[in-house]
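> mmCIF, C-alpha atoms, file run-v3.cif:
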```cif
data_work
#
loop_
_atom_site.label_atom_id
_atom_site.label_comp_id
_atom_site.auth_asym_id
_atom_site.auth_seq_id
_atom_site.Cartn_x
_atom_site.Cartn_y
_atom_site.Cartn_z
CA MET A 11 12.22 41.38 -67.27
CA ALA A 12 8.60 41.54 -67.91
CA GLU A 13 8.18 44.60 -65.90
CA VAL A 14 10.07 47.77 -66.48
CA GLN A 15 9.43 50.31 -63.93
CA VAL A 16 8.91 53.70 -65.34
CA GLN A 17 9.45 56.37 -62.84
CA ASP A 18 6.70 58.88 -62.76
CA LYS A 19 8.08 62.29 -62.71
CA SER A 20 5.16 64.16 -61.40
CA GLU A 21 6.54 66.55 -58.95
CA LYS A 22 3.88 69.07 -59.17
CA GLY A 23 2.02 70.34 -56.21
CA GLY A 24 4.74 71.17 -53.76
CA LYS A 25 3.85 68.59 -51.16
CA VAL A 26 6.62 66.23 -50.47
CA ARG A 27 5.17 62.82 -50.44
CA SER A 28 6.87 59.90 -49.01
CA LYS A 29 8.03 57.85 -51.89
CA LYS A 30 5.72 54.91 -52.38
CA GLN A 31 7.46 51.64 -52.77
CA SER A 32 6.03 49.62 -55.58
CA THR A 33 4.25 46.55 -54.24
CA ARG A 34 4.48 44.74 -57.51
CA VAL A 35 6.39 41.54 -57.45
CA ASP A 36 7.91 40.21 -60.58
CA MET A 37 6.11 36.94 -61.13
CA THR A 38 8.10 35.81 -64.14
CA PRO A 39 10.59 33.50 -62.41
CA MET A 40 7.75 31.99 -60.43
CA VAL A 41 5.80 31.30 -63.58
CA ASP A 42 8.90 29.77 -65.10
CA LEU A 43 9.34 27.50 -62.18
CA ASN A 44 5.69 26.58 -62.14
CA PHE A 45 5.75 25.65 -65.77
CA LEU A 46 8.79 23.52 -65.27
CA MET A 47 7.19 21.58 -62.49
CA LEU A 48 3.96 21.37 -64.40
CA MET A 49 5.75 19.77 -67.33
CA PHE A 50 7.42 17.30 -65.04
CA PHE A 51 4.24 16.21 -63.36
CA MET A 52 2.32 16.05 -66.60
CA PHE A 53 4.84 13.70 -68.14
CA THR A 54 5.18 11.50 -65.12
CA THR A 55 1.44 10.99 -64.89
CA THR A 56 0.98 9.99 -68.49
CA PHE A 57 3.98 7.75 -68.74
CA SER A 58 3.80 5.83 -65.53
CA LYS A 59 0.60 3.98 -66.35
CA PRO A 60 1.28 0.70 -68.03
CA ASN A 61 -1.04 -0.87 -70.54
CA VAL A 62 -2.95 -3.93 -69.63
CA MET A 63 -4.76 -6.64 -71.45
CA ASP A 64 -7.65 -8.59 -70.05
CA LEU A 65 -7.36 -12.27 -69.63
CA GLY A 66 -10.14 -14.52 -68.56
CA LEU A 67 -9.46 -18.13 -67.80
CA PRO A 68 -12.04 -20.86 -68.12
CA ALA A 69 -13.28 -22.53 -65.00
CA LYS A 70 -11.81 -25.88 -64.20
CA PRO A 71 -14.20 -28.74 -64.67
CA LYS A 72 -15.48 -30.01 -61.37
CA LYS A 73 -14.14 -33.38 -60.42
CA ASP A 74 -17.51 -34.94 -59.84
CA ALA A 75 -19.13 -33.38 -62.86
CA PRO A 76 -19.85 -35.72 -65.75
CA PRO A 77 -17.48 -35.31 -68.67
CA PRO A 78 -18.93 -33.12 -71.39
CA GLN A 79 -20.57 -34.89 -74.25
CA ARG A 80 -18.45 -35.36 -77.27
CA THR A 81 -19.41 -32.90 -79.89
CA GLU A 82 -18.60 -33.17 -83.50
CA ILE A 83 -16.28 -30.36 -84.37
CA ASP A 84 -15.87 -29.29 -87.92
CA LEU A 85 -12.16 -29.02 -88.38
CA THR A 86 -12.40 -25.95 -90.56
CA ASN A 87 -14.01 -24.07 -87.74
CA SER A 88 -10.95 -24.16 -85.61
CA ILE A 89 -7.26 -23.61 -85.91
CA SER A 90 -4.62 -24.80 -83.51
CA LEU A 91 -1.59 -22.68 -82.90
CA ILE A 92 1.38 -24.29 -81.32
CA ILE A 93 3.83 -21.92 -79.75
CA GLY A 94 7.23 -23.46 -79.92
CA LYS A 95 10.69 -22.60 -78.85
CA ASP A 96 12.95 -19.91 -80.23
CA ASN A 97 9.97 -17.77 -81.15
CA ARG A 98 8.65 -20.28 -83.64
CA ILE A 99 5.01 -20.86 -84.19
CA PHE A 100 3.17 -23.67 -85.93
CA TYR A 101 -0.41 -24.11 -86.91
CA HIS A 102 -2.64 -26.85 -88.19
CA GLN A 103 -6.27 -27.49 -88.87
CA THR A 104 -6.39 -31.23 -88.73
CA ASP A 105 -7.08 -33.90 -86.21
CA GLN A 106 -4.85 -36.62 -84.91
CA ALA A 107 -5.11 -38.74 -88.01
CA GLY A 108 -4.36 -35.93 -90.41
CA LEU A 109 -1.47 -34.38 -88.58
CA ASN A 110 1.96 -35.05 -89.91
CA GLU A 111 5.05 -33.08 -90.62
CA ASN A 112 3.53 -31.60 -93.73
CA THR A 113 0.23 -30.49 -92.32
CA LEU A 114 1.85 -28.85 -89.31
CA GLN A 115 2.98 -25.66 -90.89
CA GLU A 116 5.21 -22.98 -89.59
CA THR A 117 4.64 -19.28 -89.70
CA THR A 118 5.94 -16.12 -88.14
CA TYR A 119 4.68 -13.74 -85.49
CA ASP A 120 4.39 -10.69 -87.69
CA LYS A 121 1.56 -9.22 -89.66
CA GLU A 122 2.38 -11.18 -92.80
CA GLY A 123 2.51 -14.44 -90.92
CA ILE A 124 0.14 -15.36 -88.20
CA THR A 125 -2.38 -12.61 -88.80
CA LYS A 126 -2.86 -13.77 -92.39
CA VAL A 127 -3.07 -17.39 -91.35
CA ILE A 128 -5.81 -16.70 -88.86
CA GLU A 129 -7.71 -14.49 -91.23
CA GLN A 130 -7.55 -17.05 -94.00
CA ALA A 131 -8.68 -19.80 -91.72
CA LYS A 132 -11.50 -17.63 -90.59
CA ARG A 133 -12.60 -16.95 -94.13
CA ARG A 134 -12.58 -20.63 -94.95
CA ALA A 135 -14.50 -21.56 -91.86
CA LYS A 136 -17.88 -23.06 -92.60
CA ASP A 137 -19.41 -21.31 -89.69
CA VAL A 138 -17.58 -18.12 -88.81
CA LYS A 139 -19.57 -17.73 -85.63
CA LYS A 140 -18.10 -20.91 -84.29
CA PHE A 141 -14.59 -20.20 -85.41
CA THR A 142 -12.27 -20.91 -82.53
CA VAL A 143 -8.57 -20.46 -82.12
CA ILE A 144 -6.92 -22.99 -79.90
CA ILE A 145 -3.66 -21.79 -78.45
CA LYS A 146 -1.29 -24.46 -77.33
CA PRO A 147 1.90 -23.17 -75.84
CA THR A 148 4.59 -25.75 -75.39
CA ASP A 149 6.91 -25.78 -72.45
CA ASP A 150 9.59 -24.21 -74.61
CA ALA A 151 7.52 -21.12 -75.22
CA VAL A 152 8.21 -17.85 -73.47
CA TYR A 153 5.70 -15.51 -71.96
CA LYS A 154 6.20 -12.95 -74.70
CA ASN A 155 5.01 -15.38 -77.38
CA PHE A 156 1.90 -16.06 -75.39
CA VAL A 157 1.11 -12.39 -75.06
CA ASP A 158 1.83 -11.90 -78.76
CA ILE A 159 -0.73 -14.50 -79.64
CA LEU A 160 -3.31 -13.02 -77.33
CA ASP A 161 -2.56 -9.81 -79.10
CA GLN A 162 -3.26 -11.46 -82.42
CA MET A 163 -6.64 -12.47 -81.10
CA THR A 164 -7.39 -8.80 -80.64
CA ILE A 165 -5.97 -7.87 -84.01
CA THR A 166 -7.88 -10.50 -85.91
CA ASN A 167 -10.93 -9.93 -83.76
CA SER A 168 -11.21 -13.56 -82.82
CA GLN A 169 -13.51 -13.56 -79.88
CA GLN A 170 -13.36 -17.24 -79.27
CA TYR A 171 -10.07 -18.65 -78.27
CA GLY A 172 -8.86 -21.10 -75.76
CA VAL A 173 -5.55 -21.81 -74.16
CA THR A 174 -4.79 -25.41 -73.53
CA ASP A 175 -1.95 -27.83 -73.26
CA ILE A 176 -0.41 -29.42 -76.27
CA LYS A 177 -1.71 -32.90 -76.98
CA PRO A 178 0.79 -35.74 -76.93
CA TRP A 179 0.22 -36.52 -80.60
CA GLU A 180 0.84 -32.92 -81.50
CA LYS A 181 3.90 -32.82 -79.37
CA VAL A 182 5.43 -35.73 -81.26
CA ILE A 183 5.05 -33.95 -84.57
CA TYR A 184 6.16 -30.67 -83.11
CA GLU A 185 9.30 -32.17 -81.72
CA LYS A 186 10.07 -33.81 -85.03
CA LYS A 187 9.57 -30.46 -86.66
CA VAL A 188 11.87 -28.48 -84.41
CA GLY A 189 14.29 -31.36 -84.37
CA VAL A 190 14.71 -32.06 -80.72
CA ALA A 191 14.79 -35.38 -79.10
CA LYS A 192 14.90 -34.14 -75.60
CA PRO A 193 12.50 -35.55 -73.05
CA ALA A 194 9.54 -33.47 -72.06
CA VAL A 195 10.33 -31.13 -69.23
CA PRO A 196 7.82 -31.63 -66.47
CA ALA A 197 6.06 -28.42 -65.63
CA GLN A 198 7.13 -27.14 -62.28
CA MET B 16 23.92 65.90 -82.56
CA ALA B 17 22.12 64.53 -79.67
CA ARG B 18 19.82 61.72 -80.55
CA VAL B 19 16.39 62.03 -79.19
CA LYS B 20 15.67 58.80 -77.50
CA PRO B 21 12.11 57.70 -77.86
CA LYS B 22 10.41 57.50 -74.57
CA ARG B 23 10.27 53.99 -73.35
CA HIS B 24 7.00 52.62 -72.35
CA GLY B 25 6.91 50.23 -69.50
CA VAL B 26 6.37 46.75 -70.85
CA VAL B 27 4.26 45.47 -68.08
CA THR B 28 2.89 42.02 -68.44
CA ASP B 29 0.90 41.08 -65.46
CA MET B 30 2.09 37.61 -64.65
CA THR B 31 -0.18 37.13 -61.72
CA ALA B 32 -2.98 35.61 -63.71
CA MET B 33 -0.63 33.27 -65.48
CA CYS B 34 0.92 32.32 -62.22
CA ASP B 35 -2.49 31.49 -60.86
CA VAL B 36 -3.29 29.24 -63.75
CA THR B 37 -0.01 27.39 -63.62
CA PHE B 38 -0.37 26.91 -59.93
CA LEU B 39 -3.81 25.52 -60.37
CA LEU B 40 -2.63 23.03 -62.96
CA LEU B 41 0.41 22.21 -60.93
CA THR B 42 -1.69 21.46 -57.90
CA PHE B 43 -3.93 19.23 -59.98
CA PHE B 44 -1.05 17.23 -61.36
CA ILE B 45 0.70 16.93 -58.04
CA MET B 46 -2.47 15.58 -56.52
CA THR B 47 -3.09 13.06 -59.25
CA THR B 48 0.44 11.82 -59.80
CA GLN B 49 1.27 8.47 -58.42
CA PHE B 50 4.89 7.77 -58.53
CA LYS B 51 6.01 4.52 -59.93
CA LYS B 52 7.12 2.27 -57.19
CA PRO B 53 10.62 1.03 -57.60
CA ASP B 54 10.72 -2.41 -59.10
CA VAL B 55 12.14 -5.21 -57.10
CA GLU B 56 13.85 -6.49 -60.15
CA GLN B 57 14.11 -5.34 -63.69
CA ILE B 58 11.12 -6.66 -65.58
CA LYS B 59 10.47 -6.00 -69.22
CA PRO B 60 6.85 -6.73 -69.99
CA PRO B 61 6.05 -7.78 -73.54
CA SER B 62 4.44 -5.33 -75.88
CA SER B 63 0.85 -5.47 -77.03
CA VAL B 64 -1.62 -3.51 -79.08
CA SER B 65 -3.86 -3.10 -76.09
CA GLU B 66 -4.50 0.52 -75.29
CA LYS B 67 -6.27 -0.06 -72.07
CA LEU B 68 -4.52 1.53 -69.14
CA LEU B 69 -4.06 -0.09 -65.81
CA PRO B 70 -7.00 0.95 -63.64
CA ASP B 71 -6.48 2.36 -60.20
CA ALA B 72 -8.58 -0.23 -58.47
CA ASN B 73 -7.35 -2.03 -55.40
CA LEU B 74 -4.58 -3.78 -57.11
CA MET B 75 -2.29 -6.56 -56.15
CA THR B 76 0.52 -7.34 -58.47
CA ILE B 77 2.42 -10.48 -59.21
CA ASN B 78 5.78 -9.87 -60.78
CA ILE B 79 7.48 -12.62 -62.68
CA THR B 80 11.12 -12.13 -63.43
CA LYS B 81 13.06 -13.48 -66.34
CA ASP B 82 14.30 -16.48 -64.42
CA GLY B 83 10.86 -17.35 -63.16
CA LYS B 84 10.91 -15.85 -59.69
CA PHE B 85 7.62 -14.60 -58.35
CA TYR B 86 7.16 -11.46 -56.35
CA PHE B 87 3.92 -10.60 -54.71
CA ALA B 88 2.92 -7.01 -54.10
CA ALA B 89 -0.10 -6.70 -51.88
CA VAL B 90 -2.57 -3.85 -52.03
CA GLU B 91 -1.52 -0.46 -50.83
CA ASN B 92 -3.61 -0.25 -47.77
CA SER B 93 -1.70 -0.47 -44.54
CA LYS B 94 -4.60 -1.79 -42.50
CA GLU B 95 -5.46 -4.51 -44.94
CA ARG B 96 -1.83 -5.30 -45.45
CA SER B 97 -1.23 -6.07 -41.82
CA GLU B 98 -4.43 -8.08 -41.79
CA LEU B 99 -3.08 -10.04 -44.70
CA LEU B 100 0.16 -10.68 -42.89
CA ASP B 101 -1.76 -11.94 -39.88
CA LYS B 102 -3.76 -14.28 -42.04
CA MET B 103 -0.73 -15.66 -43.78
CA GLY B 104 1.09 -15.94 -40.47
CA ALA B 105 -1.77 -17.92 -39.00
CA LYS B 106 -1.81 -20.20 -41.98
CA TYR B 107 1.88 -20.93 -41.92
CA GLY B 108 2.31 -20.78 -38.17
CA VAL B 109 4.50 -17.72 -38.04
CA GLN B 110 3.98 -15.04 -35.44
CA PHE B 111 4.54 -11.49 -36.58
CA SER B 112 5.24 -8.69 -34.18
CA ASN B 113 4.06 -5.15 -34.68
CA GLU B 114 7.47 -4.13 -35.98
CA ASP B 115 7.25 -6.85 -38.58
CA LYS B 116 3.89 -5.56 -39.66
CA ILE B 117 5.14 -2.04 -40.01
CA ALA B 118 8.05 -3.30 -42.05
CA PHE B 119 5.70 -5.37 -44.18
CA VAL B 120 3.45 -2.42 -44.86
CA LYS B 121 6.44 -0.49 -46.13
CA THR B 122 7.82 -3.25 -48.33
CA PRO B 123 6.79 -2.80 -51.96
CA ALA B 124 6.89 -6.47 -52.86
CA ILE B 125 7.90 -9.62 -51.15
CA GLY B 126 9.89 -12.34 -52.76
CA VAL B 127 10.71 -14.71 -49.95
CA PRO B 128 9.04 -17.87 -48.74
CA MET B 129 6.99 -17.63 -45.57
CA ASN B 130 9.59 -19.26 -43.36
CA GLN B 131 12.12 -16.60 -44.31
CA LEU B 132 9.71 -13.71 -44.26
CA LYS B 133 10.21 -12.86 -40.62
CA GLY B 134 13.94 -12.69 -40.99
CA PHE B 135 13.57 -10.65 -44.13
CA LEU B 136 11.32 -8.13 -42.40
CA LYS B 137 13.75 -7.85 -39.52
CA LEU B 138 16.47 -6.55 -41.79
CA PRO B 139 16.92 -2.83 -42.03
CA GLU B 140 15.25 -1.35 -45.06
CA ASP B 141 18.37 -0.54 -47.02
CA GLN B 142 19.72 -4.05 -46.66
CA ARG B 143 16.62 -5.75 -48.00
CA LYS B 144 17.48 -4.80 -51.53
CA ASN B 145 20.75 -6.67 -51.33
CA VAL B 146 19.23 -9.90 -50.18
CA ILE B 147 19.21 -12.43 -52.93
CA THR B 148 15.72 -13.81 -52.79
CA LYS B 149 14.33 -16.93 -54.29
CA GLY B 150 10.93 -15.50 -54.92
CA VAL B 151 7.63 -16.64 -53.51
CA PRO B 152 7.46 -20.37 -54.06
CA LEU B 153 4.89 -21.77 -56.42
CA ASP B 154 4.94 -25.38 -57.43
CA SER B 155 2.69 -28.34 -57.16
CA THR B 156 3.35 -28.90 -53.47
CA ASN B 157 4.02 -25.41 -52.22
CA LYS B 158 1.56 -22.85 -53.48
CA GLN B 159 2.41 -19.92 -51.30
CA LEU B 160 1.88 -17.40 -54.04
CA ILE B 161 -1.66 -18.60 -54.57
CA ASP B 162 -2.20 -18.47 -50.83
CA TRP B 163 -1.16 -14.85 -50.82
CA VAL B 164 -3.71 -14.11 -53.49
CA SER B 165 -6.51 -16.04 -51.86
CA ALA B 166 -5.75 -14.57 -48.43
CA SER B 167 -5.93 -11.11 -49.96
CA LEU B 168 -9.21 -11.96 -51.60
CA GLU B 169 -10.60 -13.18 -48.31
CA ILE B 170 -9.91 -9.79 -46.81
CA ASN B 171 -11.48 -7.95 -49.67
CA PRO B 172 -13.05 -9.80 -52.60
CA GLU B 173 -12.93 -6.63 -54.65
CA TYR B 174 -9.22 -6.86 -55.18
CA LYS B 175 -7.98 -7.05 -58.71
CA LEU B 176 -4.90 -8.85 -59.82
CA ALA B 177 -2.38 -7.68 -62.34
CA ILE B 178 0.39 -9.88 -63.59
CA LYS B 179 3.57 -8.30 -64.78
CA GLY B 180 5.75 -10.85 -66.42
CA ASP B 181 9.03 -10.51 -68.21
CA GLY B 182 8.82 -11.30 -71.89
CA ALA B 183 11.50 -13.92 -71.62
CA THR B 184 9.90 -15.90 -68.81
CA ASN B 185 9.40 -19.52 -69.69
CA TYR B 186 5.80 -20.30 -70.30
CA PRO B 187 5.47 -23.23 -67.86
CA LYS B 188 6.06 -20.79 -65.00
CA VAL B 189 3.24 -18.63 -66.19
CA LYS B 190 1.06 -21.64 -66.82
CA ASN B 191 1.61 -22.78 -63.25
CA LEU B 192 0.41 -19.45 -62.03
CA PHE B 193 -2.67 -19.56 -64.24
CA GLU B 194 -3.49 -23.06 -63.12
CA GLY B 195 -3.08 -22.03 -59.51
CA LEU B 196 -5.43 -19.12 -60.01
CA ARG B 197 -7.95 -21.39 -61.65
CA ASP B 198 -7.74 -23.63 -58.61
CA ILE B 199 -8.89 -20.84 -56.35
CA GLU B 200 -11.54 -19.93 -58.94
CA TYR B 201 -10.07 -16.60 -59.76
CA TYR B 202 -10.39 -16.22 -63.47
CA LYS B 203 -10.22 -12.59 -64.45
CA PHE B 204 -7.10 -10.55 -64.20
CA TRP B 205 -4.87 -8.26 -66.18
CA LEU B 206 -1.58 -8.77 -67.88
CA ILE B 207 0.61 -5.73 -67.80
CA THR B 208 2.10 -4.96 -71.17
CA THR B 209 3.81 -2.07 -72.84
CA GLN B 210 2.64 -0.08 -75.78
CA GLU B 211 3.49 -1.51 -79.15
CA THR B 212 5.92 0.79 -80.86
CA ASN B 213 7.30 -0.81 -83.95
CA LYS B 214 4.13 -1.58 -85.88
#
```
Starting from the coordinates I provided, produce the structure as structure tokens.

Amino acid sequence: MAEVQVQDKSEKGGKVRSKKQSTRVDMTPMVDLNFLMLMFFMFTTTFSKPNVMDLGLPAKPKKDAPPPQRTEIDLTNSISLIIGKDNRIFYHQTDQAGLNENTLQETTYDKEGITKVIEQAKRRAKDVKKFTVIIKPTDDAVYKNFVDILDQMTITNSQQYGVTDIKPWEKVIYEKKVGVAKPAVPAQ
Amino acid sequence: MARVKPKRHGVVTDMTAMCDVTFLLLTFFIMTTQFKKPDVEQIKPPSSVSEKLLPDANLMTINITKDGKFYFAAVENSKERSELLDKMGAKYGVQFSNEDKIAFVKTPAIGVPMNQLKGFLKLPEDQRKNVITKGVPLDSTNKQLIDWVSASLEINPEYKLAIKGDGATNYPKVKNLFEGLRDIEYYKFWLITTQETNK
């Protein structure tokens, strides 16, 4: 007990006083309880908020708008990441003509893999300001892979990235690489 | 030999002040806590390095389960919720009674197509959990999920959208959703993730 009542033994001065009842209430259990509840509420508030990441999608081109002019893209300024099945990821920096089973390379999702690949590509880029990462998830990819890659964009500080569909010529090589001959699943 | 006991002093700690402080803090935390709403289905969002926390803005949430079912959770505002139900009812030709609206306001998230929604809302609350739902449909011909979003935005354009997807969801499902959102020219939203722990 926090409070130990000490009886005053002052019985001087002959008057018999009515014994005063102490009005003090022992607050200790109340404080205990308060603290307990406080802890509970503190933890629930901090843990219930999930993290979020921003995602901005590009606007769809208007149907009646003229197609954008073809621009010459320096291949070193961009890297294409193809998110495949079973948590596999491939990358290349070539165009249709240059892409084959050797130029489409595989890497991993961890720090030693994809982060290094992006950083190296960035260093080699002729114009770092224009360096763009093109993310191409296949239909075999899972949502987690997609988020992982978006995460990598944050880690490698790549401001410019785009998400697009895999091109048919890339798909052919990709399928050769993962060794499937199954027909493309129509997106539904 | 009688031991002389030292006179005990009263150990008086005045707890009142402490009690006051704890109460003050307690009140603060009680006021600010928002309890996590029970999930319709177990969803494990993927992890990310993002440290941004989900803002408290007027939030609608789309849940995507592992097998690609969509659940739509409208904003927590009973007036706007019943407005939303009216709008969707008008669009799909379903009449909702006041009881339906009350039930809809109380439902955390819906995962049934419009034509089953009335029946779903008629069920008593404790039975709704047991109903095996197919999720809000979203495919090339039936974009009800997108309609929910756009109807909500018509009521209040300030609404924000958060997407909570399971890590194992197939990407085409998610892509469909993104494409649908692009169709209604809604480009900015949040993906709910969990804190990265292993790196």
> Please, what distance in Å, to one decimal, runs between atom CA of Val27 of chain B and atom CA of Val41 of chain A?
14.9 Å
> Taking into account only C-alpha atoms, which residue in the set B:Asn185, B:Tyr201, B:Asp71, B:Val36 is nearest to chain A?
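Once distances to chain A are computed over only C-alpha atoms, the minimum belongs to B:Asn185.
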> To one decimal in Å, tell me the separation between atom CA of Ile92 of chain A and atom CA of Ile145 of chain A.
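Separating atom CA of Ile92 of chain A from atom CA of Ile145 of chain A is a distance of 6.3 Å.
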> Name the residues that the PyMOL selection byres ((chain B) within 6 of (chain A)) picks from the file above, as a PyMOL selection string, using the file's chain letters and numbers.
chain B and resi 25-28+30+34+37+41+44+48+61+63+65+67-69+154+182-187+202-209
> Can you tell me how far atom CA of Ser90 of chain A sits from atom CA of Ile124 of chain A, in Å to one decimal?
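Taking atom CA of Ser90 of chain A as the start and atom CA of Ile124 of chain A as the end point, the length is 11.6 Å.
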> Which residues come within 9 Å of segment 131-137 of chain A, counting all atoms listed in the file, excluding same-chain residues fewer than 2 positions away, as a ChimeraX atom specification?
/A:84-89,103,126-129,139-142,168
> What's the 8 Å shell around Lys133 of chain B, counting only C-alpha atoms, without same-chain residues fewer than 3 positions away, as a ChimeraX atom specification?
/B:109,111,115,129-130,136-137
> Could you tell me which residues the PyMOL selection byres ((chain B and resi 156-163) around 9) returns for this structure, as an NGL selection string?
:B and (77 or 85-87 or 89 or 99 or 103 or 128-129 or 151-155 or 164-168 or 192 or 195-196 or 198-199)
> Just so the selection is clear, what residues does the PyMOL selection byres ((chain B and resi 143) around 12) cover here, as a compact mmCIF listing (two decimals) with C-alpha atoms, in the coordinates of the input?

```txt
# COMPACT_ATOMS: atom_id res chain seq x y z
CA VAL B 55 12.14 -5.21 -57.10
CA ALA B 118 8.05 -3.30 -42.05
CA PHE B 119 5.70 -5.37 -44.18
CA LYS B 121 6.44 -0.49 -46.13
CA THR B 122 7.82 -3.25 -48.33
CA PRO B 123 6.79 -2.80 -51.96
CA ALA B 124 6.89 -6.47 -52.86
CA ILE B 125 7.90 -9.62 -51.15
CA GLY B 126 9.89 -12.34 -52.76
CA VAL B 127 10.71 -14.71 -49.95
CA LEU B 132 9.71 -13.71 -44.26
CA GLY B 134 13.94 -12.69 -40.99
CA PHE B 135 13.57 -10.65 -44.13
CA LEU B 136 11.32 -8.13 -42.40
CA LYS B 137 13.75 -7.85 -39.52
CA LEU B 138 16.47 -6.55 -41.79
CA PRO B 139 16.92 -2.83 -42.03
CA GLU B 140 15.25 -1.35 -45.06
CA ASP B 141 18.37 -0.54 -47.02
CA GLN B 142 19.72 -4.05 -46.66
CA LYS B 144 17.48 -4.80 -51.53
CA ASN B 145 20.75 -6.67 -51.33
CA VAL B 146 19.23 -9.90 -50.18
CA ILE B 147 19.21 -12.43 -52.93
CA THR B 148 15.72 -13.81 -52.79
```
> Place a sphere of radius 12 Å on (8.8, -27.3, -79.4) in the file coordinates and name every protein, DNA or RNA residue with an atom inside or on its surface, counting only C-alpha atoms; give the answer as a PyMOL selection string.
(chain A and resi 91-100+116+146-152+176+178+180-195) or (chain B and resi 186)
